[in-house]
>>> print(open('model.cif').read())   # mmCIF, C-alpha atoms
data_model
loop_
_atom_site.group_PDB
_atom_site.id
_atom_site.type_symbol
_atom_site.label_atom_id
_atom_site.label_comp_id
_atom_site.auth_asym_id
_atom_site.auth_seq_id
_atom_site.Cartn_x
_atom_site.Cartn_y
_atom_site.Cartn_z
ATOM 1 C CA MET A 1 -18.508 -8.790 2.676
ATOM 2 C CA ALA A 2 -18.256 -10.073 -0.893
ATOM 3 C CA MET A 3 -21.457 -10.753 -2.743
ATOM 4 C CA ARG A 4 -22.114 -14.100 -4.352
ATOM 5 C CA GLY A 5 -20.626 -14.496 -7.793
ATOM 6 C CA THR A 6 -18.099 -11.663 -7.440
ATOM 7 C CA PRO A 7 -14.412 -12.412 -8.040
ATOM 8 C CA ALA A 8 -13.664 -11.841 -4.335
ATOM 9 C CA ARG A 9 -16.111 -14.593 -3.449
ATOM 10 C CA ARG A 10 -14.935 -17.105 -6.080
ATOM 11 C CA VAL A 11 -11.170 -16.953 -5.419
ATOM 12 C CA VAL A 12 -10.197 -19.019 -2.382
ATOM 13 C CA GLY A 13 -6.809 -18.662 -0.719
ATOM 14 C CA ALA A 14 -5.658 -15.568 -2.633
ATOM 15 C CA PRO A 15 -4.274 -13.021 -0.132
ATOM 16 C CA LEU A 16 -5.053 -10.021 -2.352
ATOM 17 C CA VAL A 17 -8.734 -10.839 -1.933
ATOM 18 C CA GLY A 18 -8.366 -10.111 1.779
ATOM 19 C CA VAL A 19 -6.841 -6.711 1.001
ATOM 20 C CA LEU A 20 -9.639 -5.860 -1.421
ATOM 21 C CA ARG A 21 -12.289 -7.055 1.029
ATOM 22 C CA ASN A 22 -10.718 -4.964 3.809
ATOM 23 C CA LEU A 23 -10.633 -1.854 1.577
ATOM 24 C CA ASP A 24 -14.230 -2.412 0.509
ATOM 25 C CA GLN A 25 -15.334 -2.816 4.125
ATOM 26 C CA ARG A 26 -13.496 0.325 5.238
ATOM 27 C CA ALA A 27 -15.024 2.304 2.364
ATOM 28 C CA ARG A 28 -18.506 1.225 3.396
ATOM 29 C CA ILE A 29 -17.887 2.006 7.071
ATOM 30 C CA ALA A 30 -16.396 5.425 6.271
ATOM 31 C CA GLY A 31 -19.658 6.481 4.609
ATOM 32 C CA ARG A 32 -21.732 5.810 7.712
ATOM 33 C CA THR A 33 -22.256 8.360 10.421
ATOM 34 C CA ARG A 34 -20.898 7.646 13.845
ATOM 35 C CA THR A 35 -23.700 6.696 16.223
ATOM 36 C CA SER A 36 -21.949 5.250 19.252
ATOM 37 C CA GLY A 37 -19.272 6.534 21.571
ATOM 38 C CA ALA A 38 -16.964 3.627 20.752
ATOM 39 C CA PRO A 39 -13.536 4.568 19.386
ATOM 40 C CA ARG A 40 -13.198 4.199 15.636
ATOM 41 C CA GLU A 41 -10.491 2.011 14.093
ATOM 42 C CA GLN A 42 -8.308 4.058 11.762
ATOM 43 C CA ASP A 43 -5.035 3.622 9.968
ATOM 44 C CA PRO A 44 -2.326 5.829 11.411
ATOM 45 C CA PRO A 45 -1.583 8.818 9.165
ATOM 46 C CA PRO A 46 1.305 8.376 6.711
ATOM 47 C CA GLN A 47 4.634 9.780 7.772
ATOM 48 C CA GLN A 48 4.733 13.533 7.369
ATOM 49 C CA VAL A 49 6.864 14.490 4.386
ATOM 50 C CA THR A 50 8.050 18.010 3.735
ATOM 51 C CA ARG A 51 8.220 19.362 0.200
ATOM 52 C CA PRO A 52 11.754 19.510 -1.212
ATOM 53 C CA THR A 53 13.257 22.800 -2.309
ATOM 54 C CA PRO A 54 12.641 23.532 -6.028
ATOM 55 C CA GLN A 55 15.210 22.017 -8.387
ATOM 56 C CA ALA A 56 15.236 20.908 -12.002
ATOM 57 C CA ALA A 57 12.834 18.015 -12.634
ATOM 58 C CA PRO A 58 14.468 14.604 -13.163
ATOM 59 C CA VAL A 59 14.920 13.820 -16.869
ATOM 60 C CA GLY A 60 15.152 10.021 -16.898
ATOM 61 C CA LEU A 61 14.414 7.102 -14.634
ATOM 62 C CA VAL A 62 14.922 7.623 -10.926
ATOM 63 C CA ALA A 63 15.147 4.671 -8.556
ATOM 64 C CA ALA A 64 15.474 4.079 -4.826
ATOM 65 C CA VAL A 65 15.261 1.352 -2.213
ATOM 66 C CA VAL A 66 13.302 2.224 0.944
ATOM 67 C CA GLU A 67 12.234 0.233 4.002
ATOM 68 C CA SER A 68 8.753 -0.051 5.461
ATOM 69 C CA GLY A 69 7.913 1.399 8.864
ATOM 70 C CA GLU A 70 5.867 0.014 11.762
ATOM 71 C CA ASP A 71 2.586 0.372 9.846
ATOM 72 C CA GLY A 72 3.985 -1.227 6.664
ATOM 73 C CA ARG A 73 4.247 2.126 4.871
ATOM 74 C CA ALA A 74 7.299 3.487 3.097
ATOM 75 C CA THR A 75 7.686 7.044 1.803
ATOM 76 C CA TRP A 76 10.081 8.154 -0.933
ATOM 77 C CA THR A 77 10.696 11.826 -1.684
ATOM 78 C CA PHE A 78 12.025 12.374 -5.212
ATOM 79 C CA PRO A 79 15.375 14.178 -5.614
ATOM 80 C CA ALA A 80 13.487 16.988 -7.381
ATOM 81 C CA PRO A 81 9.772 17.474 -8.141
ATOM 82 C CA TYR A 82 8.415 16.333 -11.502
ATOM 83 C CA GLY A 83 6.200 18.517 -13.694
ATOM 84 C CA GLY A 84 3.311 16.118 -13.005
ATOM 85 C CA ARG A 85 2.736 12.772 -11.335
ATOM 86 C CA PRO A 86 5.291 10.222 -12.590
ATOM 87 C CA ALA A 87 4.616 6.582 -13.371
ATOM 88 C CA VAL A 88 5.867 4.578 -10.378
ATOM 89 C CA THR A 89 6.619 0.884 -9.964
ATOM 90 C CA ALA A 90 7.019 -0.654 -6.495
ATOM 91 C CA ILE A 91 8.317 -4.152 -5.789
ATOM 92 C CA ALA A 92 8.575 -5.519 -2.257
ATOM 93 C CA VAL A 93 11.479 -7.846 -1.500
ATOM 94 C CA ASP A 94 10.344 -10.930 0.414
ATOM 95 C CA PRO A 95 12.336 -11.063 3.685
ATOM 96 C CA GLU A 96 11.683 -14.835 3.945
ATOM 97 C CA PRO A 97 11.809 -16.190 0.366
ATOM 98 C CA GLY A 98 11.920 -19.812 1.536
ATOM 99 C CA ASP A 99 8.510 -19.573 3.232
ATOM 100 C CA ASP A 100 6.013 -20.891 0.656
ATOM 101 C CA GLU A 101 2.988 -20.039 2.827
ATOM 102 C CA ARG A 102 3.682 -16.304 3.027
ATOM 103 C CA THR A 103 4.450 -13.628 0.481
ATOM 104 C CA VAL A 104 4.781 -9.836 0.444
ATOM 105 C CA TRP A 105 3.692 -7.199 -2.043
ATOM 106 C CA ALA A 106 3.510 -3.423 -2.236
ATOM 107 C CA THR A 107 0.580 -1.196 -3.171
ATOM 108 C CA LEU A 108 0.806 2.467 -4.125
ATOM 109 C CA GLU A 109 -1.198 4.621 -1.721
ATOM 110 C CA GLU A 110 -0.224 8.074 -2.948
ATOM 111 C CA VAL A 111 1.752 9.441 -5.890
ATOM 112 C CA THR A 112 2.429 13.167 -6.179
ATOM 113 C CA SER A 113 4.870 15.187 -8.251
ATOM 114 C CA TRP A 114 7.336 15.189 -5.344
ATOM 115 C CA CYS A 115 6.834 11.926 -3.369
ATOM 116 C CA VAL A 116 5.267 8.468 -3.300
ATOM 117 C CA VAL A 117 3.794 6.479 -0.393
ATOM 118 C CA VAL A 118 3.565 2.688 -0.654
ATOM 119 C CA ARG A 119 2.216 0.124 1.775
ATOM 120 C CA VAL A 120 3.692 -3.339 2.100
ATOM 121 C CA TRP A 121 1.330 -6.241 2.782
ATOM 122 C CA ARG A 122 2.063 -9.788 3.921
ATOM 123 C CA SER A 123 -0.116 -12.828 3.415
ATOM 124 C CA ARG A 124 -0.897 -15.072 6.352
ATOM 125 C CA PRO A 125 -2.222 -18.570 5.776
ATOM 126 C CA ARG A 126 -5.660 -19.352 7.139
ATOM 127 C CA ARG A 127 -7.781 -22.418 6.732
ATOM 128 C CA GLY A 128 -9.769 -22.073 3.516
ATOM 129 C CA ALA A 129 -8.490 -18.598 2.601
ATOM 130 C CA GLY A 130 -5.446 -16.370 2.892
ATOM 131 C CA VAL A 131 -5.465 -13.235 4.990
ATOM 132 C CA ALA A 132 -3.480 -10.069 4.321
ATOM 133 C CA GLU A 133 -2.030 -7.756 6.947
ATOM 134 C CA PRO A 134 0.463 -4.861 6.933
ATOM 135 C CA ALA A 135 3.981 -6.290 6.743
ATOM 136 C CA GLY A 136 5.488 -4.181 9.514
ATOM 137 C CA PRO A 137 8.988 -2.695 9.676
ATOM 138 C CA GLY A 138 12.108 -3.585 7.740
ATOM 139 C CA VAL A 139 10.751 -4.829 4.398
ATOM 140 C CA SER A 140 12.743 -3.426 1.458
ATOM 141 C CA VAL A 141 10.796 -1.881 -1.408
ATOM 142 C CA HIS A 142 12.435 -1.179 -4.771
ATOM 143 C CA LEU A 143 10.909 1.894 -6.438
ATOM 144 C CA VAL A 144 11.310 3.287 -9.963
ATOM 145 C CA ALA A 145 9.794 6.569 -11.177
ATOM 146 C CA VAL A 146 9.408 7.502 -14.847
ATOM 147 C CA PRO A 147 8.732 11.132 -15.789
ATOM 148 C CA PRO A 148 5.227 11.892 -17.053
ATOM 149 C CA THR A 149 4.917 12.216 -20.806
ATOM 150 C CA SER A 150 3.718 15.498 -22.191
ATOM 151 C CA PRO A 151 0.494 15.350 -24.267
#
>>> encode(input="model.cif", output="structure tokens")
Amino acid sequence: MAMRGTPARRVVGAPLVGVLRNLDQRARIAGRTRTSGAPREQDPPPQQVTRPTPQAAPVGLVAAVVESGEDGRATWTFPAPYGGRPAVTAIAVDPEPGDDERTVWATLEEVTSWCVVVRVWRSRPRRGAGVAEPAGPGVSVHLVAVPPTSP
């Protein structure tokens, strides 16, 4: 629940607010101890990804197009591991660009030296405010990775 005067409370109809509110709520719930026997709502674990065999680290930009799964997540394993975590950009391609009431976007959930996990969200119109939910399967995500710079 957003407190009065916070940006999440002031912005009406912005679907990203719903995502932030949901993350905030889950963070608060995760800190509590379980007191009842009721099952706990949890996100399914990301797809299991195996580490690639060692190869030379990519020198320049590396790009890929992946599709989201049932839970809205997409995983990309780099052709070879980087020396550190690369800078990654993710752009979701709207499957219904003519629909002005809905939009999609991607958020980075995990970036390692050998893979990246993104989650695709979709806005859903609701009276007074937008609501965000995982986009589901089949949404294309364009990804670009840039090698980390050495200090």
>>> resolve_selection(input="model.cif", expression="the PyMOL selection byres ((chain A and resi 98-115) around 9)", output="JSON, numbers by chain")
{"A": [15, 49, 51, 52, 73, 75, 76, 77, 78, 79, 80, 81, 82, 83, 84, 85, 86, 87, 88, 89, 90, 91, 92, 93, 94, 95, 96, 97, 116, 117, 118, 119, 120, 121, 122, 123, 124, 125, 135, 139, 141]}
>>> residues_near_point(input="model.cif", point="(10.5, 8.8, -12.9)", cutoff="7 Å", atoms="all atoms listed in the file", output="PyMOL selection string")
chain A and resi 60-62+86-88+144-147
>>> resolve_selection(input="model.cif", expression="the PyMOL selection byres ((chain A and resi 65) around 8)", output="compact mmCIF listing (two decimals) with C-alpha atoms, in the coordinates of the input")
# COMPACT_ATOMS: atom_id res chain seq x y z
CA ALA A 63 15.15 4.67 -8.56
CA ALA A 64 15.47 4.08 -4.83
CA VAL A 66 13.30 2.22 0.94
CA GLU A 67 12.23 0.23 4.00
CA SER A 140 12.74 -3.43 1.46
CA VAL A 141 10.80 -1.88 -1.41
CA HIS A 142 12.44 -1.18 -4.77
CA LEU A 143 10.91 1.89 -6.44
>>> resolve_selection(input="model.cif", expression="the PyMOL selection byres ((chain A and resi 70) around 7)", output="list in words")
Ser68, Gly69, Asp71, Gly72, Gly136 and Pro137 of chain A
>>> build_atoms(input="model.cif", residues="range 67-78 of chain A", atoms="all heavy atoms", output="PDB file, in the frame of the given file")
ATOM      1  N   GLU A  67      12.714   1.276   3.093  1.00  0.00           N
ATOM      2  CA  GLU A  67      12.234   0.233   4.002  1.00  0.00           C
ATOM      3  C   GLU A  67      10.917   0.649   4.632  1.00  0.00           C
ATOM      4  O   GLU A  67      10.705   1.827   4.931  1.00  0.00           O
ATOM      5  CB  GLU A  67      13.268  -0.059   5.088  1.00  0.00           C
ATOM      6  CG  GLU A  67      14.449  -0.840   4.570  1.00  0.00           C
ATOM      7  CD  GLU A  67      15.263  -1.452   5.695  1.00  0.00           C
ATOM      8  OE1 GLU A  67      14.873  -1.348   6.871  1.00  0.00           O
ATOM      9  OE2 GLU A  67      16.299  -2.040   5.382  1.00  0.00           O
ATOM     10  N   SER A  68      10.056  -0.327   4.860  1.00  0.00           N
ATOM     11  CA  SER A  68       8.753  -0.051   5.461  1.00  0.00           C
ATOM     12  C   SER A  68       8.904   0.270   6.938  1.00  0.00           C
ATOM     13  O   SER A  68       9.845  -0.169   7.594  1.00  0.00           O
ATOM     14  CB  SER A  68       7.821  -1.252   5.273  1.00  0.00           C
ATOM     15  OG  SER A  68       8.347  -2.389   5.935  1.00  0.00           O
ATOM     16  N   GLY A  69       7.934   1.032   7.445  1.00  0.00           N
ATOM     17  CA  GLY A  69       7.913   1.399   8.864  1.00  0.00           C
ATOM     18  C   GLY A  69       7.014   0.460   9.650  1.00  0.00           C
ATOM     19  O   GLY A  69       6.590  -0.593   9.151  1.00  0.00           O
ATOM     20  N   GLU A  70       6.688   0.839  10.867  1.00  0.00           N
ATOM     21  CA  GLU A  70       5.867   0.014  11.762  1.00  0.00           C
ATOM     22  C   GLU A  70       4.511  -0.344  11.163  1.00  0.00           C
ATOM     23  O   GLU A  70       3.995  -1.430  11.363  1.00  0.00           O
ATOM     24  CB  GLU A  70       5.645   0.732  13.099  1.00  0.00           C
ATOM     25  CG  GLU A  70       6.887   0.832  13.962  1.00  0.00           C
ATOM     26  CD  GLU A  70       7.351  -0.519  14.487  1.00  0.00           C
ATOM     27  OE1 GLU A  70       6.507  -1.386  14.780  1.00  0.00           O
ATOM     28  OE2 GLU A  70       8.568  -0.703  14.592  1.00  0.00           O
ATOM     29  N   ASP A  71       3.911   0.598  10.420  1.00  0.00           N
ATOM     30  CA  ASP A  71       2.586   0.372   9.846  1.00  0.00           C
ATOM     31  C   ASP A  71       2.640  -0.236   8.444  1.00  0.00           C
ATOM     32  O   ASP A  71       1.616  -0.363   7.788  1.00  0.00           O
ATOM     33  CB  ASP A  71       1.790   1.675   9.816  1.00  0.00           C
ATOM     34  CG  ASP A  71       2.457   2.752   8.970  1.00  0.00           C
ATOM     35  OD1 ASP A  71       3.607   2.547   8.522  1.00  0.00           O
ATOM     36  OD2 ASP A  71       1.830   3.807   8.777  1.00  0.00           O
ATOM     37  N   GLY A  72       3.831  -0.627   7.988  1.00  0.00           N
ATOM     38  CA  GLY A  72       3.985  -1.227   6.664  1.00  0.00           C
ATOM     39  C   GLY A  72       4.137  -0.206   5.551  1.00  0.00           C
ATOM     40  O   GLY A  72       4.267  -0.578   4.397  1.00  0.00           O
ATOM     41  N   ARG A  73       4.127   1.082   5.891  1.00  0.00           N
ATOM     42  CA  ARG A  73       4.247   2.126   4.871  1.00  0.00           C
ATOM     43  C   ARG A  73       5.703   2.523   4.670  1.00  0.00           C
ATOM     44  O   ARG A  73       6.510   2.480   5.592  1.00  0.00           O
ATOM     45  CB  ARG A  73       3.454   3.359   5.269  1.00  0.00           C
ATOM     46  CG  ARG A  73       1.972   3.181   5.143  1.00  0.00           C
ATOM     47  CD  ARG A  73       1.264   4.524   5.357  1.00  0.00           C
ATOM     48  NE  ARG A  73      -0.159   4.383   5.130  1.00  0.00           N
ATOM     49  CZ  ARG A  73      -1.050   4.205   6.083  1.00  0.00           C
ATOM     50  NH1 ARG A  73      -0.670   4.136   7.339  1.00  0.00           N
ATOM     51  NH2 ARG A  73      -2.328   4.093   5.794  1.00  0.00           N
ATOM     52  N   ALA A  74       5.984   2.944   3.437  1.00  0.00           N
ATOM     53  CA  ALA A  74       7.299   3.487   3.097  1.00  0.00           C
ATOM     54  C   ALA A  74       7.066   4.734   2.248  1.00  0.00           C
ATOM     55  O   ALA A  74       6.211   4.730   1.361  1.00  0.00           O
ATOM     56  CB  ALA A  74       8.116   2.464   2.322  1.00  0.00           C
ATOM     57  N   THR A  75       7.822   5.788   2.534  1.00  0.00           N
ATOM     58  CA  THR A  75       7.686   7.044   1.803  1.00  0.00           C
ATOM     59  C   THR A  75       9.003   7.357   1.108  1.00  0.00           C
ATOM     60  O   THR A  75      10.066   7.237   1.709  1.00  0.00           O
ATOM     61  CB  THR A  75       7.322   8.192   2.765  1.00  0.00           C
ATOM     62  OG1 THR A  75       6.109   7.848   3.427  1.00  0.00           O
ATOM     63  CG2 THR A  75       7.130   9.499   2.027  1.00  0.00           C
ATOM     64  N   TRP A  76       8.910   7.776  -0.154  1.00  0.00           N
ATOM     65  CA  TRP A  76      10.081   8.154  -0.933  1.00  0.00           C
ATOM     66  C   TRP A  76       9.855   9.559  -1.478  1.00  0.00           C
ATOM     67  O   TRP A  76       8.886   9.790  -2.188  1.00  0.00           O
ATOM     68  CB  TRP A  76      10.305   7.158  -2.056  1.00  0.00           C
ATOM     69  CG  TRP A  76      11.412   7.497  -3.004  1.00  0.00           C
ATOM     70  CD1 TRP A  76      12.603   8.092  -2.719  1.00  0.00           C
ATOM     71  CD2 TRP A  76      11.439   7.228  -4.415  1.00  0.00           C
ATOM     72  NE1 TRP A  76      13.364   8.209  -3.851  1.00  0.00           N
ATOM     73  CE2 TRP A  76      12.670   7.681  -4.903  1.00  0.00           C
ATOM     74  CE3 TRP A  76      10.538   6.643  -5.291  1.00  0.00           C
ATOM     75  CZ2 TRP A  76      13.022   7.574  -6.245  1.00  0.00           C
ATOM     76  CZ3 TRP A  76      10.890   6.535  -6.614  1.00  0.00           C
ATOM     77  CH2 TRP A  76      12.130   6.986  -7.089  1.00  0.00           C
ATOM     78  N   THR A  77      10.743  10.477  -1.144  1.00  0.00           N
ATOM     79  CA  THR A  77      10.696  11.826  -1.684  1.00  0.00           C
ATOM     80  C   THR A  77      11.665  11.877  -2.854  1.00  0.00           C
ATOM     81  O   THR A  77      12.841  11.529  -2.712  1.00  0.00           O
ATOM     82  CB  THR A  77      11.103  12.863  -0.610  1.00  0.00           C
ATOM     83  OG1 THR A  77      10.238  12.701   0.515  1.00  0.00           O
ATOM     84  CG2 THR A  77      10.982  14.269  -1.135  1.00  0.00           C
ATOM     85  N   PHE A  78      11.185  12.318  -4.022  1.00  0.00           N
ATOM     86  CA  PHE A  78      12.025  12.374  -5.212  1.00  0.00           C
ATOM     87  C   PHE A  78      13.139  13.397  -5.023  1.00  0.00           C
ATOM     88  O   PHE A  78      12.979  14.362  -4.269  1.00  0.00           O
ATOM     89  CB  PHE A  78      11.185  12.744  -6.446  1.00  0.00           C
ATOM     90  CG  PHE A  78      10.040  11.799  -6.695  1.00  0.00           C
ATOM     91  CD1 PHE A  78       8.759  12.276  -6.870  1.00  0.00           C
ATOM     92  CD2 PHE A  78      10.232  10.429  -6.747  1.00  0.00           C
ATOM     93  CE1 PHE A  78       7.703  11.424  -7.101  1.00  0.00           C
ATOM     94  CE2 PHE A  78       9.187   9.558  -6.973  1.00  0.00           C
ATOM     95  CZ  PHE A  78       7.916  10.050  -7.151  1.00  0.00           C
TER      96      PHE A  78
END
